[in-house]
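Novice: The following block contains the structure, expressed as structure tokens.
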Amino acid sequence: MAVAHPHLALFPHGLNAGAKLLIYLVLSIVLLTLDSHYRALDRVRGGFNLLLVPIEQGVQAPWLAWRTMDAFFVRQAELVQENHALRAQSIAWDLERQHNHQLEQENRTLRALLGLRARVMLPSTSAEIIAIPRDPWRRLFTVDAGSIQGIQGGSAVIDAQGLLGQVTRVYPAASEITLLTDKEQAVPITIARTGQHAILFGTGSDDYLELRYLPHSTDIRNGDLLVTSGLDGLYPPGLPVARIQHINAGAGQEFDNVICRPVAAIDRNRQVLIIHHTPVR
Amino acid sequence: MAFPPPKGPAIPIRHSSIVLALSLLSGWLFNLLPWQVDWLWLRPDFLLLTLVYWAIYQPTAIGIGAAWWLGLLEDLSDGAHLGQHALGYAVSIYILGHFQRRLYNFPPWQQALPVLTFLLAEQIIDVLVATFLGDTRNAPRYFVSVLSGALCWFPLWVLLHRLRTPTQPAPQ
């Protein structure tokens with residue numbers, strides 16, 4: 001009887017399942033509170049993310065390799081065709097550039113005459129999307145540039161066509177971008193044709209945004225371009241955001257219900273451009 | 001007082017811990033894979049499925065604690081609120097614990113329905129936590145990943161059962 005039989009231990013299986021669950025429940029609540037109410041664990045997240053970035057890139061490697069292979073075997077004819085198209089576009093852009101140059105000079109003189117602050121070219125960093133979270137109802141993704149590359153929270157993110165969203169969380173080597181289609185996002189805009197100010201809200205769907213609180217008398221038409229107004233001091237002014245697609249002027253409603261389509265290729269991107277946050281005013 | 005040796009085939013207490021660790025790791029890596037945004041809502045939770053498998057067949061190795069920690073890992077990599085998936089996984093495995101002995105003896109196609117319930121429990125906790133913390137989302141479509149997860153159960157079961165080193169007890 002000197003050696004205790006393993007089956008005769010007082011608690012052979014440790015705590016019972018209910019007690020364990022209770023402990024972990026309390027632990028979860030503590031963590032959730034610390035994380036989302038006090039943001040106390042952002043350093044932990046940052047440290048973990050530093051480890052995570054190479055893993056995420058590794059996971060994507062086979063897919064990227066396949067794409068590179070695929071691109072390698074493009075047909076000669078396709079290349080020639082693309083080359084022609086690019087040449088034509090290059091000429092068109094050259095013309096436009098000259099025109100722009102003229103306009104810019106004119107603008108500068110006029111602004112100087114009016115005593116306005118000169119607009120500067122915005123410094124930016126290009127980044128690549130490395131992960132999209134599993135939760136489909138939060139419109140965000142992770143890119144491979146972070147505080148090491150000088151990214152700051154709140155900066156605007158664009159693609160070749162227009163505004164994509166905003167940097168909402170910055171890690172050392174990566175940052176999280178919330179798309180403007182996220183339900184929590186709002187962008188102050190002006191209607192390019194009329195100069196009317198309004199606020200554009202995300203809806204949680206990729207295809208459309210909503211323009212709220214516009215009275216029935218507002219001058220808006222289908223196809224109107226909406227650009228950032230810059231009034232919030234976060235987004236630089238003049239970035240294309242969306243086009244008006246459909247106007248619902250129900251007589252029973254207090255305001256127009258305006259549906260807009262984002263200009264940027266919201267879910268078709270790999271490369272994005274992060275504009276460095278320069279607080280205006 | 002001596003215990004008589006048990007009659008009949010014994011359930012092996014613990015084996016193939018390398019396979020266990022590697023399968024959980026690859027479940028997590030599968031969750032990290034980039035998906036087309038259009039299909040994102042279909043994406044099943046591979047880590048939870050692997051976890052459920054091992055909680056059925058290796059209940060001494062994988063319990064509520066392991067589920068909680070792996071959920072925390074998922075939270076960290078997913079950019080979710082810390083503790084959101086952790087709580088969901090823990091609750092899911094806790095419910096599983098009540099049916100583990102029965103599930104152990106079921107064929108995989110019969111396990112798929114209970115597995116769907118565990119995935120559903122996790123998803124409900126997930127949505128509840130997010131709602132309490134102020135996220136608003138259109139929940140119905142979000143639950144489709146539970147169905148796709150249950151569909152993935154059979155292939156996953158076959159794969160893991162093959163990988164698991166079969167240690168047949170010698171006939172007495």
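Chain labels run A, B, ... following the order of the structure tokens; each chain numbers its residues from 1, and ligands are numbered from 1 in the order shown.
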With only C-alpha atoms as the counted atoms, please give the residues lying no more than 10 Å from B:Trp109, apart from itself and same-chain residues fewer than 6 positions off, as a list in words.
Specialist: Ala150, Leu151, Trp153, Phe154 and Trp157 of chain B
Novice: Limited to C-alpha atoms, could you put the picked residues into a file as an mmCIF file, in the first residue's frame?
Specialist:
data_model
loop_
_atom_site.group_PDB
_atom_site.id
_atom_site.type_symbol
_atom_site.label_atom_id
_atom_site.label_comp_id
_atom_site.auth_asym_id
_atom_site.auth_seq_id
_atom_site.Cartn_x
_atom_site.Cartn_y
_atom_site.Cartn_z
ATOM 1 C CA ALA B 150 -20.007 20.278 -41.346
ATOM 2 C CA LEU B 151 -19.543 19.277 -45.001
ATOM 3 C CA TRP B 153 -16.091 17.001 -41.504
ATOM 4 C CA PHE B 154 -16.145 13.721 -43.431
ATOM 5 C CA TRP B 157 -12.182 12.674 -40.499
#
Novice: Within stretch 49-261 of chain A, find each residue whose DSSP state, derived from the backbone, is helix (DSSP H, G or I), and express the selection as number ranges by chain.
Specialist: A: 49-72, 76-114, 147-149
Novice: Find the distance between atom CA of A:Pro133 and atom CA of B:Asp75 and write it in Å to one decimal.
Specialist: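 Spanning atom CA of A:Pro133 to atom CA of B:Asp75 is a straight-line distance of 9.9 Å.
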Novice: Find the residues of chain A in contact range of chain B, meaning any atom within 8 Å when counting only C-alpha atoms, and list them as an NGL selection string.
Specialist: :A and (17-18 or 20-21 or 24-25 or 28-29 or 31-32 or 35-36 or 45 or 48-49 or 52 or 56 or 59-60 or 130-138 or 183 or 204 or 267)
Novice: Mind the document's chain letters and residue numbers, and return as a ChimeraX atom specification the residues of stretch 147-220 of chain A that DSSP labels strand (DSSP E).
Specialist: /A:156-158,163-170,175-179,186-191,197-202,209-214
Novice: Using the selection just defined, write its residues with C-alpha atoms as a CSV table (one decimal), in the first residue's frame.
Specialist:
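Writing the result to selection12.csv gives the following:
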chain,number,residue,atom,x,y,z
A,156,ALA,CA,-5.9,57.2,-45.9
A,157,VAL,CA,-5.4,54.2,-48.2
A,158,ILE,CA,-6.0,54.4,-52.0
A,163,LEU,CA,-10.1,55.9,-51.9
A,164,LEU,CA,-10.1,52.4,-50.4
A,165,GLY,CA,-10.2,53.1,-46.6
A,166,GLN,CA,-8.2,54.0,-43.6
A,167,VAL,CA,-5.5,52.5,-41.4
A,168,THR,CA,-7.1,51.5,-38.2
A,169,ARG,CA,-4.4,49.5,-36.4
A,170,VAL,CA,-0.6,49.7,-36.8
A,175,SER,CA,-1.1,47.3,-40.4
A,176,GLU,CA,-4.8,46.7,-40.5
A,177,ILE,CA,-7.0,48.6,-43.0
A,178,THR,CA,-10.7,49.2,-42.6
A,179,LEU,CA,-12.4,49.6,-46.0
A,186,ALA,CA,-18.0,57.4,-42.6
A,187,VAL,CA,-16.2,59.7,-45.1
A,188,PRO,CA,-16.9,63.4,-45.4
A,189,ILE,CA,-17.2,64.1,-49.2
A,190,THR,CA,-18.2,66.8,-51.6
A,191,ILE,CA,-20.2,66.3,-54.8
A,197,HIS,CA,-20.9,68.7,-48.7
A,198,ALA,CA,-22.2,65.4,-47.3
A,199,ILE,CA,-21.2,62.3,-45.4
A,200,LEU,CA,-20.9,58.9,-47.0
A,201,PHE,CA,-21.5,55.8,-44.9
A,202,GLY,CA,-20.4,52.2,-45.4
A,209,LEU,CA,-22.3,53.0,-49.9
A,210,GLU,CA,-25.0,55.2,-48.6
A,211,LEU,CA,-25.2,59.0,-48.7
A,212,ARG,CA,-27.4,60.0,-45.8
A,213,TYR,CA,-29.1,63.2,-44.5
A,214,LEU,CA,-29.5,64.9,-47.8
Novice: Please provide as a PyMOL selection string all residues within 10 Å of B:Leu20, with the sequence filter that same-chain residues fewer than 3 positions apart are discarded (counting only C-alpha atoms).
Specialist: chain B and resi 15-17+23-25+50-51+53-54+58+61-62+160+163-164
Novice: I need the chosen residues saved as a tab-separated table (two decimals), in the first residue's frame, with N, CA and C atoms.
Specialist:
chain	number	residue	atom	x	y	z
B	15	HIS	N	-1.82	8.67	-28.03
B	15	HIS	CA	-0.84	8.32	-29.04
B	15	HIS	C	-0.74	9.41	-30.09
B	16	SER	N	0.26	9.28	-30.94
B	16	SER	CA	0.45	10.16	-32.11
B	16	SER	C	0.36	11.64	-31.76
B	17	SER	N	1.14	12.05	-30.75
B	17	SER	CA	1.08	13.46	-30.36
B	17	SER	C	1.69	14.36	-31.42
B	23	SER	N	-1.43	18.48	-37.05
B	23	SER	CA	-2.74	18.70	-37.66
B	23	SER	C	-3.37	19.98	-37.14
B	24	LEU	N	-3.18	20.26	-35.85
B	24	LEU	CA	-3.72	21.52	-35.31
B	24	LEU	C	-3.03	22.71	-35.95
B	25	LEU	N	-1.69	22.57	-36.13
B	25	LEU	CA	-0.93	23.65	-36.76
B	25	LEU	C	-1.42	23.89	-38.18
B	50	THR	N	-10.54	20.56	-36.59
B	50	THR	CA	-9.46	19.68	-36.14
B	50	THR	C	-9.54	19.49	-34.62
B	51	LEU	N	-9.82	20.59	-33.95
B	51	LEU	CA	-9.94	20.56	-32.49
B	51	LEU	C	-11.04	19.61	-32.06
B	53	TYR	N	-12.20	17.08	-33.74
B	53	TYR	CA	-11.78	15.71	-34.00
B	53	TYR	C	-10.96	15.17	-32.84
B	54	TRP	N	-9.96	15.95	-32.41
B	54	TRP	CA	-9.08	15.44	-31.36
B	54	TRP	C	-9.78	15.42	-30.00
B	58	GLN	N	-9.07	12.05	-28.71
B	58	GLN	CA	-8.00	12.15	-27.71
B	58	GLN	C	-8.44	13.08	-26.58
B	61	ALA	N	-5.89	14.54	-24.19
B	61	ALA	CA	-4.89	15.50	-24.68
B	61	ALA	C	-5.52	16.85	-24.97
B	62	ILE	N	-6.72	16.84	-25.55
B	62	ILE	CA	-7.37	18.09	-25.97
B	62	ILE	C	-8.64	18.29	-25.16
B	160	LEU	N	-7.59	12.49	-41.09
B	160	LEU	CA	-6.97	12.41	-39.77
B	160	LEU	C	-6.95	10.97	-39.27
B	163	LEU	N	-4.02	9.35	-40.81
B	163	LEU	CA	-2.74	9.85	-40.29
B	163	LEU	C	-2.47	9.34	-38.88
B	164	ARG	N	-3.53	9.20	-38.13
B	164	ARG	CA	-3.40	8.77	-36.75
B	164	ARG	C	-2.79	7.37	-36.72
Novice: If you count only C-alpha atoms, which residues fall within 9 Å of A:Asp207, apart from same-chain ones fewer than 3 positions away, as a ChimeraX atom specification?
Specialist: /A:181,203-204,260-262,266
Novice: Let's have the selection written as a short mmCIF file (atom, residue, chain, number, x, y, z; two decimals), in the first residue's frame, with N, CA and C atoms.
Specialist:
data_model
loop_
_atom_site.label_atom_id
_atom_site.label_comp_id
_atom_site.auth_asym_id
_atom_site.auth_seq_id
_atom_site.Cartn_x
_atom_site.Cartn_y
_atom_site.Cartn_z
N THR A 181 -16.25 50.52 -47.02
CA THR A 181 -17.54 49.84 -47.05
C THR A 181 -17.91 49.25 -45.69
N THR A 203 -21.88 50.35 -45.70
CA THR A 203 -23.08 49.57 -45.39
C THR A 203 -22.76 48.15 -44.97
N GLY A 204 -21.49 47.75 -45.09
CA GLY A 204 -21.13 46.37 -44.78
C GLY A 204 -21.20 45.48 -46.00
N CYS A 260 -24.58 54.71 -53.56
CA CYS A 260 -23.41 55.03 -54.37
C CYS A 260 -22.54 53.79 -54.56
N ARG A 261 -21.77 53.84 -55.63
CA ARG A 261 -20.87 52.72 -55.92
C ARG A 261 -19.44 53.19 -55.72
N PRO A 262 -18.63 52.47 -54.92
CA PRO A 262 -17.25 52.92 -54.72
C PRO A 262 -16.46 52.93 -56.03
N ILE A 266 -12.69 47.72 -54.75
CA ILE A 266 -12.66 47.38 -53.33
C ILE A 266 -12.12 45.98 -53.06
#
Novice: May I ask for the distance between atom CA of A:Thr194 and atom CA of A:Asp224, given in Å to one decimal place?
Specialist: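 If I compute the distance from atom CA of A:Thr194 to atom CA of A:Asp224, I get 9.2 Å.
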